[in-house]
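K.L.:
To be precise about what I am sending: the file is called my_file_4.cif and holds mmCIF, C-alpha atoms and all ligand atoms.
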```
data_start
#
loop_
_atom_site.label_atom_id
_atom_site.label_comp_id
_atom_site.auth_asym_id
_atom_site.auth_seq_id
_atom_site.Cartn_x
_atom_site.Cartn_y
_atom_site.Cartn_z
CA MET K 41 -17.54 -6.64 -22.59
CA ILE K 42 -15.18 -3.68 -22.35
CA GLN K 43 -11.95 -4.19 -24.25
CA THR K 44 -8.88 -2.56 -22.82
CA ILE K 45 -5.12 -3.00 -22.63
CA GLY K 46 -2.61 -3.34 -19.84
CA TYR K 47 0.76 -4.79 -18.92
CA ALA K 48 0.84 -8.44 -17.80
CA ALA K 49 3.41 -10.83 -16.39
CA LEU K 50 3.05 -14.06 -18.37
CA SER K 51 5.26 -15.98 -15.95
CA GLN K 52 7.28 -15.26 -12.82
CA ASN K 53 10.50 -14.88 -14.81
CA SER K 54 9.42 -12.93 -17.85
CA PRO K 55 9.19 -9.15 -18.25
CA LEU K 56 5.75 -7.57 -18.33
CA VAL K 57 4.31 -7.20 -21.84
CA PRO K 58 1.34 -5.33 -23.35
CA PHE K 59 -1.76 -7.48 -22.90
CA ASN K 60 -5.38 -7.27 -24.06
CA ILE K 61 -7.91 -7.36 -21.22
CA GLU K 62 -11.67 -7.88 -21.30
CA ARG K 63 -13.51 -6.13 -18.48
CA ARG K 64 -17.02 -7.36 -17.70
CA ALA K 65 -19.99 -5.54 -19.22
CA LEU K 66 -21.39 -3.11 -16.66
CA GLN K 67 -23.74 -4.64 -14.12
CA LYS K 68 -26.26 -2.49 -12.26
CA ASP K 69 -23.94 -1.31 -9.48
CA ASP K 70 -20.73 -1.29 -11.53
CA VAL K 71 -18.51 1.68 -12.29
CA HIS K 72 -16.30 1.79 -15.42
CA ILE K 73 -13.15 3.74 -14.60
CA GLU K 74 -10.48 5.03 -16.95
CA VAL K 75 -7.21 4.48 -15.05
CA LEU K 76 -5.14 7.68 -15.00
CA PHE K 77 -2.40 6.73 -12.52
CA CYS K 78 -1.36 3.54 -10.77
CA GLY K 79 1.35 3.20 -8.12
CA ILE K 80 3.73 0.25 -7.98
CA CYS K 81 3.77 -1.32 -4.51
CA HIS K 82 6.30 -3.91 -3.35
CA SER K 83 3.30 -6.30 -3.07
CA ASP K 84 2.92 -6.01 -6.87
CA LEU K 85 6.55 -7.08 -7.18
CA HIS K 86 6.07 -10.00 -4.73
CA MET K 87 3.08 -11.13 -6.81
CA ILE K 88 4.63 -10.60 -10.27
CA ARG K 89 7.64 -12.69 -9.24
CA ASN K 90 5.46 -15.29 -7.41
CA GLU K 91 7.34 -14.72 -4.15
CA TRP K 92 4.22 -15.53 -2.11
CA LYS K 93 3.63 -18.70 -4.18
CA LYS K 94 0.06 -17.87 -5.11
CA SER K 95 0.38 -16.02 -8.42
CA ILE K 96 -1.76 -17.01 -11.40
CA TYR K 97 -0.58 -15.98 -14.88
CA PRO K 98 -1.20 -13.94 -16.94
CA LEU K 99 -1.07 -11.52 -14.02
CA VAL K 100 -1.94 -7.82 -14.30
CA ALA K 101 -0.89 -6.17 -11.03
CA GLY K 102 -1.67 -2.68 -9.70
CA HIS K 103 -3.71 -1.68 -6.65
CA GLU K 104 -3.04 2.04 -6.15
CA ILE K 105 -5.42 3.33 -8.78
CA ILE K 106 -6.70 6.81 -9.48
CA GLY K 107 -9.05 7.23 -12.38
CA GLN K 108 -12.04 8.97 -13.84
CA ILE K 109 -15.50 7.49 -14.24
CA GLN K 110 -16.47 6.75 -17.84
CA ALA K 111 -19.81 5.03 -17.30
CA ILE K 112 -22.01 3.78 -14.46
CA GLY K 113 -24.61 1.05 -14.04
CA PRO K 114 -28.26 2.06 -13.43
CA ALA K 115 -28.16 1.35 -9.66
CA VAL K 116 -25.06 3.45 -8.93
CA LYS K 117 -26.19 6.08 -6.42
CA HIS K 118 -23.32 8.20 -5.18
CA LEU K 119 -21.00 8.49 -8.18
CA LYS K 120 -21.37 10.04 -11.61
CA ILE K 121 -19.60 10.13 -14.96
CA GLY K 122 -16.51 12.36 -14.80
CA ASP K 123 -15.88 11.89 -11.05
CA LEU K 124 -12.28 11.33 -9.97
CA VAL K 125 -12.11 8.11 -7.97
CA GLY K 126 -9.72 5.70 -6.34
CA VAL K 127 -9.52 1.91 -6.18
CA GLY K 128 -7.22 0.10 -3.78
CA CYS K 129 -6.76 -3.54 -2.83
CA ILE K 130 -10.33 -4.49 -1.93
CA ILE K 131 -13.03 -4.84 -4.59
CA GLY K 132 -15.37 -7.31 -2.89
CA SER K 133 -16.15 -9.04 0.41
CA CYS K 134 -18.94 -11.19 1.87
CA GLN K 135 -20.66 -8.23 3.61
CA ALA K 136 -22.15 -10.67 6.14
CA CYS K 137 -19.39 -11.82 8.51
CA PRO K 138 -18.58 -9.97 11.76
CA SER K 139 -15.59 -8.20 10.16
CA CYS K 140 -17.60 -7.00 7.15
CA GLN K 141 -20.45 -5.96 9.44
CA SER K 142 -17.94 -3.91 11.43
CA ASN K 143 -16.58 -2.15 8.32
CA LEU K 144 -13.37 -4.18 8.48
CA GLU K 145 -13.73 -6.02 5.18
CA GLN K 146 -9.96 -6.51 4.87
CA TYR K 147 -10.42 -9.16 7.59
CA CYS K 148 -13.50 -10.74 5.92
CA ASP K 149 -13.95 -14.31 7.21
CA LYS K 150 -14.38 -15.55 3.65
CA GLY K 151 -11.39 -13.54 2.40
CA TYR K 152 -11.95 -10.26 0.60
CA THR K 153 -11.62 -10.09 -3.18
CA PHE K 154 -8.26 -8.56 -4.08
CA VAL K 155 -8.21 -6.29 -7.12
CA PHE K 156 -6.08 -8.76 -9.10
CA ASN K 157 -5.16 -12.47 -9.00
CA SER K 158 -8.54 -13.18 -7.32
CA ILE K 159 -11.65 -14.88 -8.66
CA GLU K 160 -14.03 -12.20 -9.89
CA ILE K 161 -17.36 -13.23 -8.34
CA GLU K 162 -19.38 -11.86 -11.27
CA THR K 163 -17.56 -13.84 -14.01
CA GLN K 164 -15.61 -16.52 -12.12
CA ASN K 165 -12.53 -15.37 -14.07
CA ILE K 166 -9.22 -14.34 -12.49
CA ASN K 167 -9.34 -10.55 -12.24
CA HIS K 168 -6.81 -7.97 -13.36
CA GLY K 169 -5.53 -4.87 -11.58
CA GLY K 170 -4.59 -1.31 -12.34
CA PHE K 171 -1.65 -1.73 -14.71
CA SER K 172 -4.29 -1.20 -17.39
CA LYS K 173 -6.19 1.58 -19.04
CA ALA K 174 -9.61 0.70 -17.61
CA ILE K 175 -11.19 -1.23 -14.75
CA VAL K 176 -14.74 -2.13 -13.68
CA VAL K 177 -15.46 -2.08 -9.93
CA LYS K 178 -18.65 -2.22 -7.84
CA GLU K 179 -19.68 1.13 -6.40
CA PRO K 180 -19.22 0.24 -2.70
CA TYR K 181 -15.49 -0.37 -3.31
CA VAL K 182 -14.85 2.86 -5.23
CA LEU K 183 -13.34 5.74 -3.20
CA LYS K 184 -13.93 9.44 -3.81
CA ILE K 185 -10.91 11.63 -4.46
CA PRO K 186 -11.27 14.69 -2.21
CA SER K 187 -11.71 17.94 -4.13
CA LYS K 188 -8.87 19.47 -2.06
CA PHE K 189 -6.46 17.48 -4.23
CA GLN K 190 -5.61 19.51 -7.30
CA GLU K 191 -5.14 17.87 -10.70
CA LYS K 192 -1.35 18.06 -10.35
CA ASP K 193 -1.57 16.17 -7.04
CA LEU K 194 -3.35 13.13 -8.48
CA PRO K 195 -0.28 10.99 -9.32
CA ARG K 196 1.12 11.72 -5.85
CA ALA K 197 -2.20 10.79 -4.24
CA ALA K 198 -2.36 7.34 -5.90
CA PRO K 199 -0.07 5.67 -3.29
CA ILE K 200 -2.55 6.61 -0.54
CA LEU K 201 -4.71 3.74 -1.88
CA CYS K 202 -2.24 1.19 -0.47
CA ALA K 203 0.93 2.67 1.09
CA GLY K 204 -1.11 5.42 2.75
CA ILE K 205 -3.96 3.33 4.13
CA THR K 206 -1.65 0.48 5.21
CA THR K 207 0.24 2.87 7.47
CA TYR K 208 -2.70 5.13 8.44
CA SER K 209 -4.79 2.18 9.68
CA PRO K 210 -2.35 0.85 12.32
CA LEU K 211 -1.33 4.36 13.40
CA LYS K 212 -5.01 5.11 14.09
CA HIS K 213 -5.73 1.69 15.60
CA TRP K 214 -2.92 2.13 18.14
CA ASN K 215 -4.10 5.68 18.91
CA ILE K 216 -1.00 7.50 17.73
CA GLY K 217 -1.22 11.21 18.38
CA LYS K 218 0.48 14.15 20.01
CA GLY K 219 3.30 12.97 22.28
CA SER K 220 3.51 9.43 20.88
CA GLN K 221 7.02 8.15 20.22
CA VAL K 222 6.80 6.36 16.86
CA GLY K 223 9.53 4.50 15.01
CA VAL K 224 9.19 3.69 11.31
CA ILE K 225 11.41 0.84 10.14
CA GLY K 226 12.31 1.04 6.43
CA LEU K 227 11.95 4.22 4.39
CA GLY K 228 10.34 2.93 1.20
CA GLY K 229 6.88 3.42 -0.28
CA LEU K 230 5.03 2.51 2.92
CA GLY K 231 7.67 3.92 5.26
CA HIS K 232 7.77 7.42 3.83
CA MET K 233 3.97 7.64 3.95
CA ALA K 234 4.08 6.41 7.56
CA VAL K 235 6.47 9.24 8.46
CA LYS K 236 4.25 11.89 6.89
CA ILE K 237 1.04 10.52 8.39
CA ALA K 238 2.50 9.96 11.87
CA LYS K 239 3.82 13.54 11.85
CA ALA K 240 0.44 14.85 10.73
CA LEU K 241 -1.09 12.94 13.68
CA GLY K 242 1.30 14.82 16.00
CA ALA K 243 3.81 12.07 16.86
CA HIS K 244 7.56 12.33 17.42
CA VAL K 245 8.93 10.18 14.57
CA THR K 246 12.21 8.30 14.30
CA VAL K 247 13.13 6.52 11.06
CA PHE K 248 15.24 3.36 10.97
CA THR K 249 16.89 3.05 7.58
CA THR K 250 19.63 0.94 6.03
CA SER K 251 20.39 3.73 3.51
CA SER K 252 22.55 6.58 4.78
CA GLN K 253 21.55 8.83 1.88
CA LYS K 254 17.92 8.64 3.05
CA VAL K 255 18.67 10.27 6.43
CA PRO K 256 18.33 13.89 5.23
CA GLU K 257 15.32 12.94 3.11
CA ALA K 258 13.61 11.32 6.10
CA LYS K 259 13.99 14.62 7.93
CA SER K 260 12.64 16.55 4.96
CA PHE K 261 9.48 14.39 5.16
CA GLY K 262 9.09 15.46 8.78
CA ALA K 263 11.00 12.79 10.72
CA ASP K 264 12.47 14.20 13.94
CA GLU K 265 15.31 11.69 13.99
CA ALA K 266 16.79 9.02 11.75
CA ALA K 267 18.98 6.09 12.80
CA LEU K 268 21.09 3.85 10.59
CA SER K 269 19.66 0.44 11.43
CA LEU K 270 22.68 -1.60 10.30
CA GLU K 271 24.82 0.11 12.94
CA THR K 272 23.86 -1.54 16.23
CA ASN K 273 25.56 1.31 18.15
CA SER K 274 22.95 3.69 16.79
CA LEU K 275 20.06 1.55 18.12
CA GLN K 276 21.24 0.86 21.70
CA PRO K 277 20.68 4.45 22.97
CA LEU K 278 17.05 4.18 21.82
CA ALA K 279 16.20 1.14 23.98
CA GLY K 280 12.89 1.55 25.83
CA ARG K 281 11.95 4.73 23.93
CA PHE K 282 9.02 3.80 21.67
CA ASP K 283 5.27 3.52 22.14
CA PHE K 284 4.87 2.14 18.64
CA LEU K 285 7.12 0.72 15.93
CA LEU K 286 5.82 0.18 12.41
CA ASN K 287 7.91 -2.35 10.50
CA THR K 288 7.48 -1.77 6.76
CA VAL K 289 10.49 -3.79 5.62
CA ALA K 290 10.10 -6.40 2.86
CA ALA K 291 12.80 -8.61 4.41
CA PRO K 292 12.85 -10.73 7.60
CA LEU K 293 14.72 -8.47 10.02
CA ASP K 294 15.80 -9.54 13.50
CA LEU K 295 12.62 -8.56 15.37
CA ASN K 296 14.23 -9.04 18.80
CA VAL K 297 16.47 -6.03 18.24
CA TYR K 298 13.48 -3.79 17.60
CA LEU K 299 11.27 -5.23 20.35
CA SER K 300 13.92 -4.12 22.85
CA LEU K 301 13.38 -0.51 21.72
CA LEU K 302 9.76 -0.52 22.95
CA LYS K 303 8.55 1.05 26.18
CA ARG K 304 6.64 -1.06 28.67
CA GLU K 305 3.46 -2.23 26.87
CA GLY K 306 4.59 -0.72 23.59
CA THR K 307 3.67 -2.39 20.29
CA MET K 308 5.60 -3.35 17.20
CA CYS K 309 3.26 -3.79 14.25
CA LEU K 310 4.39 -5.64 11.14
CA VAL K 311 3.05 -4.48 7.79
CA GLY K 312 6.01 -5.57 5.64
CA LEU K 313 5.33 -9.06 4.35
CA PRO K 314 8.64 -10.67 3.36
CA ALA K 315 8.60 -13.78 1.21
CA GLU K 316 10.91 -15.57 3.65
CA PRO K 317 9.96 -16.41 7.27
CA TYR K 318 11.33 -14.45 10.23
CA SER K 319 14.03 -16.18 12.23
CA SER K 320 13.22 -17.22 15.77
CA LEU K 321 11.62 -14.78 18.12
CA GLN K 322 12.97 -14.45 21.65
CA ALA K 323 10.43 -14.29 24.47
CA ASP K 324 12.65 -12.08 26.59
CA PRO K 325 11.93 -8.64 25.09
CA LEU K 326 8.19 -9.43 25.01
CA ILE K 327 8.04 -10.67 28.60
CA ARG K 328 10.28 -8.16 30.32
CA LYS K 329 8.21 -5.16 29.30
CA ARG K 330 4.85 -6.78 28.52
CA THR K 331 5.29 -5.60 24.93
CA ASN K 332 3.12 -6.59 21.96
CA LEU K 333 3.96 -7.91 18.53
CA ALA K 334 1.14 -7.39 16.05
CA GLY K 335 0.33 -7.19 12.35
CA SER K 336 -2.05 -5.14 10.25
CA LEU K 337 -3.57 -5.58 6.79
CA ILE K 338 -4.20 -2.53 4.58
CA GLY K 339 -7.39 -0.87 5.89
CA SER K 340 -11.12 -0.99 5.26
CA ILE K 341 -12.96 0.87 2.53
CA GLN K 342 -14.39 3.32 5.07
CA GLU K 343 -10.95 3.89 6.57
CA THR K 344 -9.37 4.31 3.12
CA GLN K 345 -11.84 7.12 2.44
CA GLU K 346 -10.88 8.58 5.83
CA ALA K 347 -7.17 8.29 4.92
CA LEU K 348 -7.72 10.05 1.58
CA ASP K 349 -9.62 12.86 3.32
CA PHE K 350 -6.98 13.07 6.10
CA CYS K 351 -4.13 13.28 3.57
CA ALA K 352 -5.99 15.91 1.54
CA SER K 353 -6.61 18.10 4.57
CA HIS K 354 -3.05 17.72 5.93
CA GLY K 355 -1.30 18.09 2.55
CA VAL K 356 0.14 14.56 2.73
CA LEU K 357 1.24 13.30 -0.69
CA ALA K 358 3.70 10.60 -1.76
CA GLU K 359 7.15 11.35 -3.18
CA ILE K 360 7.02 9.74 -6.61
CA GLU K 361 8.80 9.01 -9.85
CA LEU K 362 6.20 9.23 -12.61
CA ILE K 363 6.90 6.70 -15.37
CA ARG K 364 5.38 5.61 -18.67
CA PRO K 365 3.85 2.12 -18.88
CA SER K 366 6.73 0.97 -21.08
CA GLN K 367 9.12 1.68 -18.17
CA ILE K 368 7.41 -0.76 -15.76
CA ASN K 369 10.05 -3.49 -16.08
CA GLN K 370 12.88 -1.07 -15.43
CA ALA K 371 10.99 0.26 -12.40
CA LEU K 372 10.48 -3.26 -10.99
CA ASP K 373 14.19 -4.02 -11.37
CA ARG K 374 15.06 -0.78 -9.58
CA MET K 375 12.62 -1.60 -6.79
CA VAL K 376 14.44 -4.91 -6.19
CA LYS K 377 17.64 -2.89 -5.76
CA ASN K 378 15.96 -0.51 -3.29
CA ASP K 379 16.44 2.26 -5.85
CA VAL K 380 13.18 4.21 -5.74
CA LYS K 381 12.42 7.65 -4.35
CA TYR K 382 9.89 6.71 -2.99
CA ARG K 383 7.14 5.26 -5.14
CA PHE K 384 6.91 4.61 -8.86
CA VAL K 385 3.59 5.75 -10.30
CA ILE K 386 2.61 4.80 -13.83
CA ASP K 387 1.00 7.46 -15.99
CA MET K 388 -1.57 5.30 -17.74
CA ARG K 389 -2.58 8.14 -20.04
CA SER K 390 0.77 7.72 -21.84
CA PHE K 391 0.23 4.08 -22.75
CA ASP K 392 2.64 3.20 -25.55
P1 LIG R 401 9.60 -0.70 -0.73
O1 LIG R 401 9.17 0.60 -1.31
O2 LIG R 401 10.46 -1.60 -1.52
O3 LIG R 401 10.28 -0.35 0.69
C1 LIG R 401 10.77 -1.32 1.56
C2 LIG R 401 11.91 -0.68 2.38
O4 LIG R 401 12.41 -1.68 3.28
C3 LIG R 401 13.12 -0.28 1.56
O5 LIG R 401 12.97 1.01 1.02
C4 LIG R 401 14.25 -0.34 2.56
O6 LIG R 401 14.25 0.85 3.34
C5 LIG R 401 13.81 -1.47 3.48
N1 LIG R 401 14.50 -2.72 3.14
C6 LIG R 401 14.41 -3.43 2.00
N2 LIG R 401 15.18 -4.52 2.06
C7 LIG R 401 15.74 -4.53 3.28
C8 LIG R 401 16.60 -5.42 3.96
N3 LIG R 401 17.08 -6.52 3.37
N4 LIG R 401 16.95 -5.11 5.22
C9 LIG R 401 16.47 -4.01 5.80
N5 LIG R 401 15.66 -3.11 5.20
C10 LIG R 401 15.30 -3.38 3.95
O7 LIG R 401 8.33 -1.58 -0.32
P2 LIG R 401 6.85 -1.10 0.09
O8 LIG R 401 6.02 -0.95 -1.14
O9 LIG R 401 6.95 0.00 1.06
O10 LIG R 401 6.32 -2.44 0.79
C11 LIG R 401 6.98 -2.93 1.97
C12 LIG R 401 6.40 -4.26 2.38
O11 LIG R 401 5.06 -4.07 2.84
C13 LIG R 401 6.31 -5.32 1.28
O12 LIG R 401 6.63 -6.58 1.85
C14 LIG R 401 4.84 -5.29 0.89
O13 LIG R 401 4.39 -6.51 0.33
C15 LIG R 401 4.21 -5.04 2.23
N6 LIG R 401 2.85 -4.53 2.20
C16 LIG R 401 2.01 -4.96 3.18
C17 LIG R 401 0.73 -4.46 3.24
C18 LIG R 401 -0.18 -4.89 4.35
O14 LIG R 401 -1.39 -4.77 4.20
N7 LIG R 401 0.34 -5.34 5.47
C19 LIG R 401 0.29 -3.54 2.27
C20 LIG R 401 1.19 -3.10 1.32
C21 LIG R 401 2.47 -3.59 1.28
P3 LIG R 401 15.63 1.55 3.80
O15 LIG R 401 16.39 1.85 2.54
O16 LIG R 401 15.15 2.75 4.52
O17 LIG R 401 16.33 0.59 4.69
ZN ZN R 402 0.29 -2.42 -1.82
#
```
Mind turning the file's structure into structure tokens?
P.N.:
Amino acid sequence: MIQTIGYAALSQNSPLVPFNIERRALQKDDVHIEVLFCGICHSDLHMIRNEWKKSIYPLVAGHEIIGQIQAIGPAVKHLKIGDLVGVGCIIGSCQACPSCQSNLEQYCDKGYTFVFNSIEIETQNINHGGFSKAIVVKEPYVLKIPSKFQEKDLPRAAPILCAGITTYSPLKHWNIGKGSQVGVIGLGGLGHMAVKIAKALGAHVTVFTTSSQKVPEAKSFGADEAALSLETNSLQPLAGRFDFLLNTVAAPLDLNVYLSLLKREGTMCLVGLPAEPYSSLQADPLIRKRTNLAGSLIGSIQETQEALDFCASHGVLAEIELIRPSQINQALDRMVKNDVKYRFVIDMRSFD
């Protein structure tokens, strides 16, 4: 066993507290990683507060992990002690179903193993995520941090492991490139990465935000335009404009309003996963322009490596507030109030 420490939620109402964690002893294809940085995603908040009604306590969240390898099992082939690596949401999958066979393990028929709050196959225990000083993960689920990232970039690269890949994957799947008209709804952790990645892919990007103070910031991240989404007057002129809308909002917006902004055969993809259901969907905006409403789940391991390499070569990094582990609760409270620019990242080296 490897003894380590992290921050756990003991119930959905209580603040996170320091918590002793036992990681499994290294198996042959395991990698023991010292966690250096871990981003805080809104999914961590949904899980900590049991908003998706599937949380098991004690719960150690964290799925945007960058760390350094401390030890490896004897069958580990492509990684070595000292390597800088990343771990995202996926740490296991059946490897046999059509999705796994197509390198799409996020859609594994048996359900992929999430990095926390899942049953760890090897021990049958509930596993714990990256709000901790160390983690043990099988080699096939460990990503390489591109050498183009300098040491100072590492905390800003951590959010690529979820916010980055969750926006990169649908942008690639729907063939976004030069000339595409893309709208990003919600400028939070996912949204600001979507803007940067869509711009790097060559798209014309419009941000829809509820926060007027984010308009100039959206433009500084590369957005060509920004509209205040609570003002319906600002949306009407954009009707029929977009090839692709990426909805990153953690609240059930009126989807009909946004569907009417799509071009004929355009697509709105949902990645935001609000705890409450969406209100009724009208058929009219879908039918009149043969538009599509879709969803997308993170991205595969192979695609996450591609996203890391893409971000490294295009200089895409998250805008972050680096915090100490003891500031996690304050950060979660600020995230609820939509008060984060634009991702909290925990510096696990300063565990106190
Ligand atoms: P976040 O940093 O909190 O950002 C969400 C943004 O949504 C906010 O910054 C805000 O942007 C907007 N927003 C929040 N409440 C709103 C409301 N009531 N009405 C309208 N806009 C609102 O969250 P995140 O980490 O980016 O995550 C966003 C969502 O994606 C969460 O539900 C998360 O669970 C989900 N997620 C899904 C996947 C996947 O695989 N599909 C992966 C990761 C995360 P403005 O201030 O610009 O309006
Ligand atoms: Zn996430």
K.L.:
Produce as a PyMOL selection string the set of residues near ligand ZN 402 (chain R), where near means within 9 Å with only C-alpha atoms and all ligand atoms considered.
P.N.:
chain K and resi 79-84+102-104+128-129+199+201-203+206+229-230+338
K.L.:
Given all atoms listed in the file as the basis, pick out the residue of K:Ala240, K:Leu278, K:Tyr298, K:Glu265 nearest to His354 in chain K.
P.N.:
K:Ala240
K.L.:
Would you compute the distance between CA of Ser251 in chain K and CA of Pro365 in chain K? Give it in Å to one decimal.
P.N.:
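CA of Pro365 in chain K lies 27.9 Å from CA of Ser251 in chain K.
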K.L.:
So which residues touch Gly231 in chain K within 10 Å, counting all atoms listed in the file, skipping near sequence neighbours fewer than 2 positions away, as an MDAnalysis selection string?
P.N.:
chainID K and resid 203:204 206:207 223:229 233:237 247:249 258 286:289 311:312 382
K.L.:
Using only C-alpha atoms, collect all residues at a distance of at most 10 Å from (4.5, -16.4, -14.3) as written in the file, then present them as a list in words.
P.N.:
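Result, sorted by chain then residue number: Ala48, Ala49, Leu50, Ser51, Gln52, Asn53, Ser54, Pro55, Leu56, Met87, Ile88, Arg89, Asn90, Ser95, Ile96, Tyr97, Pro98 and Leu99 of chain K.
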K.L.:
Using only C-alpha atoms and all ligand atoms, which residue out of K:Leu119, K:Val155, K:Met308, K:Met375 lies closest to ligand LIG 401 (chain R)?
P.N.:
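Selected residue with least distance to ligand LIG 401 (chain R): K:Met375.
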K.L.:
Considering all atoms listed in the file, can you say which of K:Asp70, K:Glu271, K:Asp123, K:Glu162 comes closest to Ser187 in chain K?
P.N.:
K:Asp123
K.L.:
Could you jot down the CA of Gly262 in chain K to CA of Lys377 in chain K separation for me, Å, one decimal place?
P.N.:
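Between CA of Gly262 in chain K and CA of Lys377 in chain K the gap works out to 24.9 Å.
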K.L.:
Tell me which residues come within 9 Å of (9.8, -0.6, 24.9), as JSON, numbers by chain, counting only C-alpha atoms in the file's coordinates.
P.N.:
{"K": [279, 280, 281, 282, 283, 284, 298, 299, 300, 301, 302, 303, 304, 305, 306, 307, 325, 326, 329, 330, 331]}
K.L.:
Which residue, K:Lys259, K:Ser209, K:Ala266, K:Ser252, has the smallest gap to Cys309 in chain K when you use all atoms listed in the file?
P.N.:
K:Ser209
K.L.:
Using all atoms listed in the file, which of the listed residues (K:Gln67, K:Ser353, K:Thr44, K:Gln141) sits closest to Ala111 in chain K?
P.N.:
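Under the stated criterion, the closest residue is K:Gln67.
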